[in-house]
file input06.pdb (PDB, C-alpha atoms)
ATOM      1  CA  MET F   1       6.180 -50.914 -42.527  1.00  0.00           C
ATOM      2  CA  ALA F   2       7.056 -54.482 -41.557  1.00  0.00           C
ATOM      3  CA  GLY F   3       8.131 -53.231 -38.137  1.00  0.00           C
ATOM      4  CA  ASP F   4       4.778 -51.551 -37.678  1.00  0.00           C
ATOM      5  CA  LEU F   5       2.989 -54.734 -38.639  1.00  0.00           C
ATOM      6  CA  GLY F   6       4.950 -56.730 -36.052  1.00  0.00           C
ATOM      7  CA  CYS F   7       4.119 -54.208 -33.375  1.00  0.00           C
ATOM      8  CA  ASP F   8       0.426 -54.371 -34.267  1.00  0.00           C
ATOM      9  CA  VAL F   9       0.509 -58.174 -34.107  1.00  0.00           C
ATOM     10  CA  ALA F  10       2.194 -58.073 -30.694  1.00  0.00           C
ATOM     11  CA  ASP F  11      -0.437 -55.647 -29.453  1.00  0.00           C
ATOM     12  CA  SER F  12      -3.289 -57.681 -30.842  1.00  0.00           C
ATOM     13  CA  ASN F  13      -2.187 -61.031 -29.455  1.00  0.00           C
ATOM     14  CA  GLY F  14      -1.728 -59.748 -25.889  1.00  0.00           C
ATOM     15  CA  TRP F  15       2.065 -60.017 -25.727  1.00  0.00           C
ATOM     16  CA  ASN F  16       2.419 -56.604 -24.042  1.00  0.00           C
ATOM     17  CA  GLU F  17       0.121 -57.619 -21.206  1.00  0.00           C
ATOM     18  CA  TYR F  18       1.836 -60.978 -20.855  1.00  0.00           C
ATOM     19  CA  GLN F  19       5.251 -59.283 -20.900  1.00  0.00           C
ATOM     20  CA  LYS F  20       4.199 -57.030 -18.005  1.00  0.00           C
ATOM     21  CA  LEU F  21       2.909 -60.045 -16.102  1.00  0.00           C
ATOM     22  CA  VAL F  22       6.146 -61.986 -16.646  1.00  0.00           C
ATOM     23  CA  LEU F  23       8.297 -59.043 -15.560  1.00  0.00           C
ATOM     24  CA  ALA F  24       6.184 -58.483 -12.443  1.00  0.00           C
ATOM     25  CA  GLU F  25       6.467 -62.173 -11.577  1.00  0.00           C
ATOM     26  CA  LEU F  26      10.259 -62.077 -12.038  1.00  0.00           C
ATOM     27  CA  VAL F  27      10.495 -59.104  -9.689  1.00  0.00           C
ATOM     28  CA  ARG F  28       8.327 -60.883  -7.120  1.00  0.00           C
ATOM     29  CA  LEU F  29      10.397 -64.064  -7.351  1.00  0.00           C
ATOM     30  CA  ASP F  30      13.618 -62.072  -7.003  1.00  0.00           C
ATOM     31  CA  ALA F  31      12.333 -60.480  -3.809  1.00  0.00           C
ATOM     32  CA  ALA F  32      11.244 -63.866  -2.471  1.00  0.00           C
ATOM     33  CA  THR F  33      14.656 -65.364  -3.264  1.00  0.00           C
ATOM     34  CA  LYS F  34      16.433 -62.543  -1.463  1.00  0.00           C
ATOM     35  CA  GLN F  35      14.198 -63.042   1.577  1.00  0.00           C
ATOM     36  CA  ILE F  36      14.941 -66.769   1.593  1.00  0.00           C
ATOM     37  CA  GLN F  37      18.673 -66.067   1.423  1.00  0.00           C
ATOM     38  CA  THR F  38      18.332 -63.693   4.374  1.00  0.00           C
ATOM     39  CA  ASP F  39      16.390 -66.313   6.333  1.00  0.00           C
ATOM     40  CA  VAL F  40      18.968 -69.019   5.591  1.00  0.00           C
ATOM     41  CA  THR F  41      21.774 -66.735   6.768  1.00  0.00           C
ATOM     42  CA  GLU F  42      19.893 -66.032   9.987  1.00  0.00           C
ATOM     43  CA  ILE F  43      19.246 -69.743  10.562  1.00  0.00           C
ATOM     44  CA  ARG F  44      22.939 -70.524  10.022  1.00  0.00           C
ATOM     45  CA  LEU F  45      23.822 -67.927  12.642  1.00  0.00           C
ATOM     46  CA  HIS F  46      21.364 -69.437  15.122  1.00  0.00           C
ATOM     47  CA  VAL F  47      22.740 -72.931  14.488  1.00  0.00           C
ATOM     48  CA  ALA F  48      26.281 -71.694  15.125  1.00  0.00           C
ATOM     49  CA  VAL F  49      25.186 -70.104  18.418  1.00  0.00           C
ATOM     50  CA  LEU F  50      23.383 -73.279  19.503  1.00  0.00           C
ATOM     51  CA  ARG F  51      26.389 -75.409  18.571  1.00  0.00           C
ATOM     52  CA  THR F  52      28.640 -73.169  20.681  1.00  0.00           C
ATOM     53  CA  ARG F  53      26.275 -73.385  23.631  1.00  0.00           C
ATOM     54  CA  ALA F  54      26.086 -77.171  23.329  1.00  0.00           C
ATOM     55  CA  VAL F  55      29.876 -77.489  23.331  1.00  0.00           C
ATOM     56  CA  THR F  56      30.152 -75.156  26.326  1.00  0.00           C
ATOM     57  CA  TRP F  57      27.528 -77.007  28.363  1.00  0.00           C
ATOM     58  CA  GLY F  58      28.978 -80.376  27.377  1.00  0.00           C
ATOM     59  CA  ALA F  59      32.450 -79.334  28.485  1.00  0.00           C
ATOM     60  CA  LEU F  60      31.076 -77.934  31.737  1.00  0.00           C
ATOM     61  CA  GLY F  61      29.150 -81.144  32.422  1.00  0.00           C
ATOM     62  CA  GLY F  62      32.235 -83.237  31.701  1.00  0.00           C
ATOM     63  CA  PHE F  63      34.332 -81.087  34.021  1.00  0.00           C
ATOM     64  CA  ILE F  64      31.768 -81.395  36.819  1.00  0.00           C
ATOM     65  CA  MET F  65      31.661 -85.192  36.440  1.00  0.00           C
ATOM     66  CA  TRP F  66      35.464 -85.332  36.458  1.00  0.00           C
ATOM     67  CA  ALA F  67      35.659 -83.140  39.590  1.00  0.00           C
ATOM     68  CA  VAL F  68      33.019 -85.202  41.419  1.00  0.00           C
ATOM     69  CA  SER F  69      34.685 -88.494  40.519  1.00  0.00           C
ATOM     70  CA  LEU F  70      38.106 -87.146  41.551  1.00  0.00           C
ATOM     71  CA  ALA F  71      36.730 -85.917  44.877  1.00  0.00           C
ATOM     72  CA  ALA F  72      34.911 -89.212  45.459  1.00  0.00           C
ATOM     73  CA  SER F  73      38.022 -91.281  44.722  1.00  0.00           C
ATOM     74  CA  ARG F  74      40.164 -89.265  47.133  1.00  0.00           C
ATOM     75  CA  TYR F  75      37.713 -89.135  50.032  1.00  0.00           C
ATOM     76  CA  LEU F  76      36.037 -92.527  49.803  1.00  0.00           C
TER      77      LEU F  76
END

call {"tool": "encode", "arguments": {"input": "input06.pdb", "output": "C-alpha cells"}}
result
Amino acid sequence: MAGDLGCDVADSNGWNEYQKLVLAELVRLDAATKQIQTDVTEIRLHVAVLRTRAVTWGALGGFIMWAVSLAASRYL
C-alpha cells in the first residue's frame, strides 16, 4: 500500500512528466556532444592537412631562394 501511495504522489506532483523531459534533454545533449566530437575530429584533420601544406610550400620557397642565390653567386 505504501508503494501505491508513493506512485500516486509521483503522479500527482508531475514527476513523470519531468522525468520524460529530463530524459529527452539527456538524449538531445548526447547527440549534440557526439556531433561536436565529430566536428572537432574533422577540424583536427583539416589543421593537419594545412600544416603539411605549409611545410611543403615553406620548404619549396626555401629551396627556390637557395637555388637563386647559388646561381647568382656563381654567375655574378

call {"tool": "atom_distance", "arguments": {"input": "input06.pdb", "atom1": "atom CA of Thr56 of chain F", "atom2": "atom CA of Tyr75 of chain F"}}
result
28.5 Å

call {"tool": "atom_distance", "arguments": {"input": "input06.pdb", "atom1": "atom CA of Leu23 of chain F", "atom2": "atom CA of Thr41 of chain F"}}
result
27.2 Å

call {"tool": "atom_distance", "arguments": {"input": "input06.pdb", "atom1": "atom CA of Thr52 of chain F", "atom2": "atom CA of Ser69 of chain F"}}
result
25.8 Å
